[in-house]
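K.L.:
Structure in structure tokens, see below.
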Amino acid sequence: MTLRLIPYLVMNGNAKEAIQFYENALDAQVLFSQSFGEMPENPEFPLPSEAKDLVSHATLKVGETELMFSDTFPGQPHQSGNQVTICISTDDAEKSHKFFDALKEGGKVDMPLQETFFSPAYGSVTDKFGITFQIFTEGQQMNL
């Protein structure tokens, strides 16, 4: 089983600029980057045209560790305080459920743990201390 805690930086429409900055400032290497426009369309959440070039997810390698980025999802408020979250990444779906269930006790579920196009089990929860965790299960990804 693998298990990693990864800082996840949520930006206010300037993730591309931040990624370029950290590439130079920290000698970081972009491992992955995807815009909202490159994601599969969801008729329940139509994407405004001005948001198509915003970053939906990016991963940078900095030395021996990683940083993850995204812009705030269109229509969601961006607030100081929720800008940095912790992504718990594991290849064990059972562990993902255990972590999610434990963290939601006394906290708030932001997105239920569920299968997505990028993960067999992904969800987001803010614990009773106000810390937001994204639970990401590595594994087979669905076709984009």
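Each chain of the structure tokens is named A, B, ... in the order shown, its residues numbered from 1; ligands are numbered from 1 in display order.
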From a DSSP pass on the backbone, collect the residues of segment 32-72 of chain A flagged as strand (DSSP E) and hand them back as an NGL selection string.
P.N.:
:A and (32-35 or 55-62 or 65-71)
K.L.:
Next, write the just-selected residues to a file, as a tab-separated table (two decimals), in the first residue's frame, keeping C-alpha atoms as the atom set.
P.N.:
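In the end it all went to part39.tsv:
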chain	number	residue	atom	x	y	z
A	32	PHE	CA	0.63	16.77	-15.14
A	33	SER	CA	-1.62	19.66	-16.03
A	34	GLN	CA	-5.24	19.71	-17.22
A	35	SER	CA	-7.64	22.59	-17.79
A	55	VAL	CA	-6.38	24.73	-14.30
A	56	SER	CA	-8.57	21.88	-13.03
A	57	HIS	CA	-5.58	19.89	-11.76
A	58	ALA	CA	-1.81	20.04	-11.98
A	59	THR	CA	1.02	18.22	-10.22
A	60	LEU	CA	4.53	19.58	-9.83
A	61	LYS	CA	7.56	17.60	-8.68
A	62	VAL	CA	9.74	19.59	-6.29
A	65	THR	CA	7.97	15.64	-3.16
A	66	GLU	CA	4.95	16.94	-5.03
A	67	LEU	CA	2.69	19.98	-4.98
A	68	MET	CA	-0.80	19.88	-6.49
A	69	PHE	CA	-2.69	22.87	-7.89
A	70	SER	CA	-6.05	23.87	-9.25
A	71	ASP	CA	-8.02	27.02	-9.79
K.L.:
What are the DSSP alpha helix (DSSP H) residues of segment 18-134 of chain A, as JSON, numbers by chain?
P.N.:
{"A": [18, 19, 20, 21, 22, 23, 24, 25, 93, 94, 95, 96, 97, 98, 99, 100, 101, 102, 103, 104]}
K.L.:
For Ala51 of chain A, which of A:Pro112, A:Ala28, A:Leu9, A:Gly75 is the closest residue, counting only C-alpha atoms?
P.N.:
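Of A:Pro112, A:Ala28, A:Leu9, A:Gly75, the one nearest Ala51 of chain A is A:Gly75, counting only C-alpha atoms.
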K.L.:
Contacts of segment 130-141 of chain A at 9 Å or less, counting only C-alpha atoms, minus same-chain residues fewer than 6 places along, as JSON, numbers by chain?
P.N.:
{"A": [8, 82, 84, 85, 86, 87, 88, 89, 90, 91, 92, 93, 95, 96, 97, 99, 100, 103, 107, 108, 110, 111, 113, 116, 117, 118, 119, 120, 121, 122, 123, 124]}
K.L.:
Tell me, in Å to one decimal, how far atom CA of Ser49 of chain A is from atom CA of Gln83 of chain A.
P.N.:
23.6 Å
K.L.:
Between atom CA of Met11 of chain A and atom CA of His78 of chain A, what distance in Å does the model show, to one decimal?
P.N.:
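So the answer is 7.7 Å.
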K.L.:
May I ask for the distance between atom CA of Phe45 of chain A and atom CA of Glu115 of chain A, given in Å to one decimal place?
P.N.:
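A separation of 17.1 Å between them.
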K.L.:
May I ask which of the residues A:Thr72, A:Asp127, A:Ala102, A:Pro46 is the closest one to Asn12 of chain A, counting only C-alpha atoms?
P.N.:
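Answer, going by the shortest atom-to-atom distance: A:Thr72.
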K.L.:
My list of candidates is A:Leu31, A:Val109, A:Leu54, A:Val125. Which is closest to Ala15 of chain A when distances are computed with only C-alpha atoms?
P.N.:
A:Leu54
